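Peer 1: Data: run-v5.txt, compact mmCIF, C-alpha atoms and all ligand atoms.
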# COMPACT_ATOMS: atom_id res chain seq x y z
CA MET A 195 85.66 33.15 94.78
CA THR A 196 82.45 31.92 93.21
CA PHE A 197 79.66 34.33 92.51
CA ARG A 198 77.70 32.76 95.33
CA GLU A 199 80.60 33.29 97.74
CA ARG A 200 80.99 36.90 96.66
CA LEU A 201 77.29 37.50 97.27
CA ARG A 202 77.45 35.92 100.71
CA ALA A 203 80.48 37.98 101.70
CA LEU A 204 78.69 41.27 101.07
CA PRO A 205 77.42 43.23 104.07
CA THR A 206 73.82 44.39 103.55
CA PHE A 207 74.01 47.39 105.88
CA PRO A 208 76.81 49.64 107.10
CA PRO A 209 77.58 49.79 110.84
CA GLY A 210 76.14 52.59 112.96
CA LEU A 211 72.50 52.34 111.91
CA PRO A 212 70.20 54.95 113.48
CA PRO A 213 67.42 54.10 115.94
CA PHE A 214 63.87 53.65 114.58
CA GLY A 215 62.95 57.23 115.39
CA VAL A 216 59.69 56.19 117.10
CA ASP A 217 59.15 54.78 120.59
CA LEU A 218 58.02 51.28 119.58
CA ASP A 219 57.06 50.50 123.18
CA ASP A 220 54.45 53.26 123.10
CA LEU A 221 52.83 53.46 119.66
CA ALA A 222 50.45 56.17 120.85
CA THR A 223 53.41 58.53 120.62
CA ALA A 224 54.25 57.52 117.03
CA PRO A 225 53.22 59.95 114.26
CA ALA A 226 49.47 59.67 113.72
CA THR A 227 49.75 59.07 109.98
CA PRO A 228 52.23 57.14 107.81
CA GLN A 229 52.73 60.29 105.72
CA GLU A 230 54.23 62.03 108.77
CA LEU A 231 56.62 59.19 109.58
CA PHE A 232 57.56 58.89 105.89
CA ALA A 233 58.47 62.60 105.84
CA GLN A 234 60.55 62.13 109.01
CA TRP A 235 62.42 59.16 107.53
CA PHE A 236 62.81 60.94 104.20
CA ASP A 237 64.51 63.86 105.96
CA ASP A 238 66.79 61.36 107.71
CA ALA A 239 67.68 59.84 104.31
CA LEU A 240 68.47 63.28 102.87
CA ALA A 241 70.56 64.21 105.89
CA ALA A 242 72.47 60.91 105.61
CA GLY A 243 73.25 61.63 101.95
CA VAL A 244 71.26 58.67 100.58
CA GLY A 245 71.34 58.84 96.78
CA ALA A 246 67.99 59.39 95.08
CA PRO A 247 65.93 58.87 98.25
CA HIS A 248 62.81 59.58 96.19
CA ALA A 249 63.39 56.53 93.96
CA ALA A 250 61.02 53.62 94.61
CA THR A 251 60.05 50.29 93.11
CA LEU A 252 56.49 50.33 91.77
CA SER A 253 54.95 46.87 91.57
CA THR A 254 51.81 46.32 89.53
CA ALA A 255 49.96 43.32 88.14
CA ASP A 256 47.79 42.87 85.08
CA ALA A 257 44.32 41.38 85.11
CA ALA A 258 45.80 37.87 84.83
CA GLY A 259 47.92 38.46 87.93
CA ARG A 260 51.24 38.73 86.10
CA VAL A 261 53.44 41.02 88.20
CA HIS A 262 55.66 43.78 86.81
CA ALA A 263 58.00 46.00 88.82
CA ARG A 264 60.15 48.97 87.91
CA THR A 265 61.91 51.92 89.53
CA LEU A 266 60.43 55.39 89.35
CA VAL A 267 60.45 58.57 91.40
CA ILE A 268 57.89 59.59 93.98
CA LYS A 269 56.41 62.95 92.96
CA ASP A 270 54.54 63.91 96.12
CA VAL A 271 53.13 62.53 99.34
CA THR A 272 49.76 63.91 100.45
CA ALA A 273 46.76 62.82 102.50
CA GLU A 274 45.57 61.00 99.33
CA GLY A 275 48.76 58.98 99.12
CA TRP A 276 52.04 58.57 97.25
CA TRP A 277 52.20 60.16 93.77
CA PHE A 278 54.06 58.95 90.69
CA ALA A 279 53.84 59.74 86.98
CA GLY A 280 54.35 58.18 83.57
CA HIS A 281 52.61 57.23 80.33
CA ALA A 282 49.13 55.71 80.61
CA THR A 283 50.03 53.74 77.47
CA SER A 284 53.08 52.10 79.12
CA PRO A 285 52.88 48.63 80.65
CA LYS A 286 52.59 50.19 84.12
CA GLY A 287 49.71 52.37 82.91
CA ARG A 288 47.96 49.40 81.35
CA ASP A 289 48.42 47.33 84.50
CA VAL A 290 46.97 50.05 86.72
CA ALA A 291 43.99 50.48 84.37
CA GLU A 292 43.28 46.74 84.49
CA ASN A 293 44.05 46.24 88.16
CA PRO A 294 44.55 49.20 90.52
CA HIS A 295 46.20 47.16 93.29
CA ALA A 296 49.84 48.27 93.48
CA ALA A 297 52.79 48.70 95.81
CA LEU A 298 55.67 51.14 96.16
CA THR A 299 58.82 50.04 97.95
CA VAL A 300 61.61 52.33 99.06
CA PHE A 301 64.99 51.07 100.30
CA TRP A 302 67.38 53.41 102.10
CA ARG A 303 70.40 51.19 102.57
CA ASP A 304 72.59 53.63 104.46
CA LEU A 305 69.92 53.89 107.15
CA GLY A 306 68.97 50.20 107.11
CA ARG A 307 65.40 51.20 106.36
CA GLN A 308 62.63 50.11 104.02
CA VAL A 309 59.12 51.52 103.50
CA ARG A 310 56.37 49.50 101.80
CA VAL A 311 53.23 51.29 100.61
CA THR A 312 50.37 49.05 99.48
CA GLY A 313 47.01 50.14 98.10
CA ARG A 314 45.11 51.22 95.02
CA ALA A 315 46.49 53.49 92.32
CA THR A 316 44.18 55.89 90.53
CA SER A 317 44.74 58.57 87.92
CA ALA A 318 44.68 62.05 89.43
CA GLY A 319 43.07 63.44 86.26
CA ALA A 320 44.15 65.31 83.13
CA GLU A 321 45.06 68.58 84.86
CA ALA A 322 47.32 66.91 87.43
CA GLY A 323 49.05 64.92 84.67
CA ALA A 324 49.61 68.03 82.56
CA ALA A 325 50.94 69.98 85.56
CA ASP A 326 53.39 67.20 86.36
CA PHE A 327 54.57 67.06 82.76
CA ARG A 328 55.07 70.82 82.46
CA ALA A 329 57.19 70.84 85.62
CA ARG A 330 59.75 68.49 84.03
CA PRO A 331 63.02 69.79 82.56
CA ASP A 332 63.17 70.21 78.75
CA GLY A 333 65.10 66.96 78.19
CA SER A 334 62.61 64.95 80.24
CA ARG A 335 59.68 66.59 78.46
CA ALA A 336 61.28 65.78 75.11
CA ALA A 337 61.73 62.13 76.15
CA GLY A 338 58.11 62.10 77.26
CA LEU A 339 56.89 63.61 73.99
CA VAL A 340 58.69 60.87 72.04
CA GLY A 341 56.31 58.33 73.61
CA HIS A 342 56.28 54.62 72.60
CA GLN A 343 57.63 53.71 76.05
CA SER A 344 58.60 50.05 76.41
CA GLU A 345 57.79 49.26 72.76
CA PRO A 346 60.57 47.48 70.79
CA LEU A 347 63.02 49.97 69.22
CA GLY A 348 64.58 49.31 65.78
CA SER A 349 67.81 51.23 66.38
CA ARG A 350 69.17 53.81 68.76
CA GLN A 351 69.48 56.27 65.87
CA GLU A 352 65.72 56.06 65.42
CA TYR A 353 65.30 57.19 69.04
CA TRP A 354 67.92 59.93 68.82
CA ASP A 355 66.25 61.37 65.70
CA ALA A 356 62.86 61.33 67.40
CA PHE A 357 64.33 62.82 70.59
CA ALA A 358 66.09 65.68 68.72
CA GLY A 359 62.83 66.68 67.01
CA ARG A 360 60.92 66.57 70.27
CA LEU A 361 63.59 68.55 72.11
CA ASP A 362 63.06 71.44 69.69
CA GLU A 363 59.32 71.13 70.26
CA ALA A 364 59.71 71.02 74.04
CA ARG A 365 61.84 74.19 74.01
CA GLU A 366 59.54 76.08 71.65
CA HIS A 367 56.32 74.99 73.37
CA PRO A 368 56.82 74.87 77.15
CA ASP A 369 53.11 74.03 77.53
CA ALA A 370 53.19 70.97 75.25
CA VAL A 371 52.10 67.85 77.13
CA ALA A 372 52.49 64.21 76.08
CA PRO A 373 48.88 63.10 75.53
CA ALA A 374 49.02 59.99 77.71
CA TRP A 375 51.12 61.49 80.51
CA THR A 376 49.41 60.67 83.79
CA ALA A 377 49.91 61.40 87.46
CA TRP A 378 48.68 58.58 89.66
CA VAL A 379 48.20 58.50 93.37
CA LEU A 380 48.70 55.29 95.29
CA THR A 381 46.22 55.51 98.15
CA PRO A 382 47.46 53.19 100.86
CA VAL A 383 45.60 50.59 102.84
CA ALA A 384 48.90 49.76 104.56
CA VAL A 385 52.28 51.40 105.00
CA GLU A 386 55.03 49.43 106.68
CA PHE A 387 58.19 50.93 108.15
CA TRP A 388 61.03 48.40 108.48
CA ALA A 389 64.38 49.05 110.08
CA ALA A 390 67.47 46.98 110.75
CA SER A 391 69.64 47.73 113.76
CA ASP A 392 73.22 47.03 114.79
CA ASP A 393 72.32 44.85 117.74
CA LYS A 394 68.58 44.29 118.16
CA GLY A 395 67.52 42.68 114.91
CA GLN A 396 64.78 44.18 112.79
CA SER A 397 61.78 46.26 113.81
CA ARG A 398 58.56 46.68 111.86
CA LEU A 399 55.73 49.16 112.35
CA ARG A 400 52.65 48.98 110.14
CA TYR A 401 49.92 51.57 109.67
CA ARG A 402 46.73 50.21 108.16
CA THR A 403 43.28 51.53 107.44
CA ASP A 404 39.93 50.10 106.40
CA ALA A 405 38.76 53.46 105.05
CA PRO A 406 41.18 54.75 102.40
CA PRO A 407 41.95 57.54 101.76
CA ALA A 408 42.39 57.89 105.49
CA ARG A 409 42.27 61.61 106.10
CA THR A 410 41.72 61.53 109.83
CA GLU A 411 44.42 60.53 112.23
CA THR A 412 42.13 58.07 114.00
CA ALA A 413 41.57 56.16 110.75
CA TRP A 414 44.99 54.52 111.10
CA THR A 415 45.72 51.45 113.18
CA LYS A 416 49.36 51.18 114.24
CA GLU A 417 50.81 47.76 115.02
CA LEU A 418 54.13 45.99 115.36
CA LEU A 419 54.94 43.01 113.12
CA TRP A 420 57.16 40.03 113.83
CA PRO A 421 60.37 40.41 111.87
C1 LIG B 1 65.87 56.17 89.14
C2 LIG B 1 64.82 55.95 88.07
C3 LIG B 1 63.74 56.81 88.01
C4 LIG B 1 62.73 56.63 87.04
N1 LIG B 1 61.64 57.45 87.08
C5 LIG B 1 60.60 57.18 86.26
C6 LIG B 1 59.38 57.93 86.38
O1 LIG B 1 59.22 58.82 87.24
N2 LIG B 1 58.36 57.61 85.54
C7 LIG B 1 58.48 56.61 84.59
O2 LIG B 1 57.51 56.38 83.85
N3 LIG B 1 59.60 55.88 84.46
C8 LIG B 1 60.66 56.13 85.28
N4 LIG B 1 61.82 55.38 85.17
C9 LIG B 1 61.87 54.31 84.14
C10 LIG B 1 61.13 53.07 84.61
O3 LIG B 1 61.97 52.31 85.49
C11 LIG B 1 60.70 52.13 83.46
O4 LIG B 1 61.80 51.80 82.66
C12 LIG B 1 59.64 52.76 82.56
O5 LIG B 1 58.70 53.53 83.31
C13 LIG B 1 58.89 51.69 81.78
O6 LIG B 1 58.23 50.83 82.68
P1 LIG B 1 56.99 49.93 82.24
O7 LIG B 1 57.36 49.29 80.92
O8 LIG B 1 56.87 48.91 83.33
O9 LIG B 1 55.79 50.80 82.13
C14 LIG B 1 62.84 55.56 86.10
C15 LIG B 1 63.95 54.70 86.17
C16 LIG B 1 64.92 54.89 87.14
C17 LIG B 1 66.08 53.91 87.22
Taking this structure as input, can you express it in the form of structure tokens?
Peer 2:
Amino acid sequence: MTFRERLRALPTFPPGLPPFGVDLDDLATAPATPQELFAQWFDDALAAGVGAPHAATLSTADAAGRVHARTLVIKDVTAEGWWFAGHATSPKGRDVAENPHAALTVFWRDLGRQVRVTGRATSAGAEAGAADFRARPDGSRAAGLVGHQSEPLGSRQEYWDAFAGRLDEAREHPDAVAPAWTAWVLTPVAVEFWAASDDKGQSRLRYRTDAPPARTETAWTKELLWP
């Protein structure tokens, strides 16, 4: 079999996909905010045993429009938006500083579902970044204290030596925070819920707002999209 044939033979979704979880013929009955529907779908993903349901692809672009995407974990979902964290000095941090427009995409294969959050990412401030960093396990704090993320590395030994030193520091100083560690919140202008089904094709429900951060339920427009 060629690689192409192997790819084409793969099923994308398992059989027995769940229903959308919202009456798409009566959007007035759908959750008033995308945060609520996200929480509902997230619980479904947990119940279905989806691995790392909090992992998402963060897409950013620099000032010249060059796009960069990477996986990270969602740290919280609030009225302000979807939270993630990392080094401000990393490529993602530089992109967001140059151009706040960003997107987070979650794919829950076992449920045949995707969520796309699009909006503007902003730093939540020094205190929020420090609180996020302090809540990480020692090993993750040590890796964060090493810094230099995404810079070329001379040898793995160089990293291990740096990591070992920082692990001691992380254990001795639980309050130590990597200076550039930042919590960002992606405040959505649109959140799209996409679901495959066994027999009825795909369904798409989009929430959008002209007034982010949309704190009131009436600030969201709900609409179906052609698949
Ligand atoms: C499942 C998973 C979770 C990750 N979580 C984070 C995270 O929360 N924050 C982070 O900065 N990088 C995280 N990473 C690493 C990023 O994918 C990426 O390698 C790193 O942030 C550097 O990206 P950048 O060079 O685009 O800034 C994670 C990777 C994986 C596979």
Peer 1: Go ahead and fit an axis-aligned box to every listed atom of range 403-413 of chain A plus 4 Å each side, and pass me the centre and edge lengths in Å, one decimal, as JSON.
Peer 2:
{"center_x": 41.6, "center_y": 55.9, "center_z": 107.9, "size_x": 13.7, "size_y": 19.5, "size_z": 20.2}
Peer 1: Can I get the residues of range 236-306 of chain A within 12 Å of range 337-341 of chain A, each with the closest pair of atoms and their distance in Å to one decimal, using all atoms listed in the file, sorted chain first then ascending number, as a tab-separated table?
Peer 2:
residue	atom	partner	partner_atom	distance
A:Ala279	CA	A:Gly338	CA	10.9
A:Gly280	CA	A:Gly338	CA	8.3
A:His281	CA	A:Gly341	CA	7.7
A:Ala282	CA	A:Gly341	CA	10.4
A:Thr283	CA	A:Gly341	CA	8.7
A:Ser284	CA	A:Gly341	CA	8.9
Peer 1: Which residues, written as a PDB file with C-alpha atoms, in the coordinates of the input, have at least one atom at most 12 Å from Pro406 in chain A, with all atoms listed in the file counted and residues fewer than 2 positions away on the same chain left out?
Peer 2:
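The resulting file, part-v4.pdb, is shown below:
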ATOM      1  CA  ALA A 273      46.760  62.820 102.500  1.00  0.00           C
ATOM      2  CA  GLU A 274      45.570  61.000  99.330  1.00  0.00           C
ATOM      3  CA  GLY A 275      48.760  58.980  99.120  1.00  0.00           C
ATOM      4  CA  THR A 312      50.370  49.050  99.480  1.00  0.00           C
ATOM      5  CA  GLY A 313      47.010  50.140  98.100  1.00  0.00           C
ATOM      6  CA  ARG A 314      45.110  51.220  95.020  1.00  0.00           C
ATOM      7  CA  ALA A 315      46.490  53.490  92.320  1.00  0.00           C
ATOM      8  CA  LEU A 380      48.700  55.290  95.290  1.00  0.00           C
ATOM      9  CA  THR A 381      46.220  55.510  98.150  1.00  0.00           C
ATOM     10  CA  PRO A 382      47.460  53.190 100.860  1.00  0.00           C
ATOM     11  CA  VAL A 383      45.600  50.590 102.840  1.00  0.00           C
ATOM     12  CA  ALA A 384      48.900  49.760 104.560  1.00  0.00           C
ATOM     13  CA  VAL A 385      52.280  51.400 105.000  1.00  0.00           C
ATOM     14  CA  TYR A 401      49.920  51.570 109.670  1.00  0.00           C
ATOM     15  CA  ARG A 402      46.730  50.210 108.160  1.00  0.00           C
ATOM     16  CA  THR A 403      43.280  51.530 107.440  1.00  0.00           C
ATOM     17  CA  ASP A 404      39.930  50.100 106.400  1.00  0.00           C
ATOM     18  CA  ALA A 408      42.390  57.890 105.490  1.00  0.00           C
ATOM     19  CA  ARG A 409      42.270  61.610 106.100  1.00  0.00           C
ATOM     20  CA  THR A 410      41.720  61.530 109.830  1.00  0.00           C
ATOM     21  CA  GLU A 411      44.420  60.530 112.230  1.00  0.00           C
ATOM     22  CA  ALA A 413      41.570  56.160 110.750  1.00  0.00           C
ATOM     23  CA  TRP A 414      44.990  54.520 111.100  1.00  0.00           C
TER      24      TRP A 414
END
Peer 1: Can I get the residues of chain A within 6 Å of ligand LIG 1 (chain B), each with the closest pair of atoms and their distance in Å to one decimal, using all atoms listed in the file, sorted chain first then ascending number, as a tab-separated table?
Peer 2:
residue	atom	partner	partner_atom	distance
A:Ala249	CA	B:LIG1	C1	5.4
A:Arg264	CA	B:LIG1	O3	4.5
A:Thr265	CA	B:LIG1	O3	4.1
A:Leu266	CA	B:LIG1	N1	3.3
A:Val267	CA	B:LIG1	O1	4.3
A:Ala279	CA	B:LIG1	N2	5.2
A:Gly280	CA	B:LIG1	O2	3.6
A:Ser284	CA	B:LIG1	O9	4.3
A:Pro285	CA	B:LIG1	O9	3.9
A:Lys286	CA	B:LIG1	O9	3.8
A:Ser344	CA	B:LIG1	O7	4.7
Peer 1: Taking a cut-off of 10 Å and counting only C-alpha atoms, can you build a table that, for each residue of range 277-354 of chain A near range 239-248 of chain A, reports the nearest atom pair and how far apart they are in Å (one decimal), sorted by chain then residue number, as a tab-separated table?
Peer 2:
residue	atom	partner	partner_atom	distance
A:Val300	CA	A:Pro247	CA	7.9
A:Phe301	CA	A:Pro247	CA	8.1
A:Trp302	CA	A:Val244	CA	6.7
A:Arg303	CA	A:Val244	CA	7.8
A:Asp304	CA	A:Val244	CA	6.5
A:Leu305	CA	A:Ala239	CA	7.0
A:Arg307	CA	A:Ala239	CA	9.2
Peer 1: Please, could you write that set of residues out with C-alpha atoms as a PDB file, in the coordinates of the input?
Peer 2:
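Listing of out-v2.pdb after writing:
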ATOM      1  CA  VAL A 300      61.610  52.330  99.060  1.00  0.00           C
ATOM      2  CA  PHE A 301      64.990  51.070 100.300  1.00  0.00           C
ATOM      3  CA  TRP A 302      67.380  53.410 102.100  1.00  0.00           C
ATOM      4  CA  ARG A 303      70.400  51.190 102.570  1.00  0.00           C
ATOM      5  CA  ASP A 304      72.590  53.630 104.460  1.00  0.00           C
ATOM      6  CA  LEU A 305      69.920  53.890 107.150  1.00  0.00           C
ATOM      7  CA  ARG A 307      65.400  51.200 106.360  1.00  0.00           C
TER       8      ARG A 307
END
Peer 1: From the list A:Leu399, A:Ala389, A:Ile268, A:Ala258, which residue is nearest Leu211 in chain A when using all atoms listed in the file?
Peer 2: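 When distances to Leu211 in chain A are compared using all atoms listed in the file, the smallest one comes from A:Ala389.
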Peer 1: Skipping near chain neighbours, those fewer than 4 positions away, what residues fall within 7 Å of Arg400 in chain A using all atoms listed in the file, listed as a PDB file with C-alpha atoms, keeping the file's coordinate frame?
Peer 2:
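Contents of the output file part-v6.pdb:
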ATOM      1  CA  ALA A 384      48.900  49.760 104.560  1.00  0.00           C
ATOM      2  CA  VAL A 385      52.280  51.400 105.000  1.00  0.00           C
ATOM      3  CA  GLU A 386      55.030  49.430 106.680  1.00  0.00           C
ATOM      4  CA  PHE A 387      58.190  50.930 108.150  1.00  0.00           C
ATOM      5  CA  LYS A 416      49.360  51.180 114.240  1.00  0.00           C
ATOM      6  CA  GLU A 417      50.810  47.760 115.020  1.00  0.00           C
ATOM      7  CA  LEU A 418      54.130  45.990 115.360  1.00  0.00           C
TER       8      LEU A 418
END
Peer 1: Determine the nearest neighbour of Asp238 in chain A from the options A:Pro213, A:Gly287, A:Ser253, A:Thr412, counting all atoms listed in the file.
Peer 2: A:Pro213
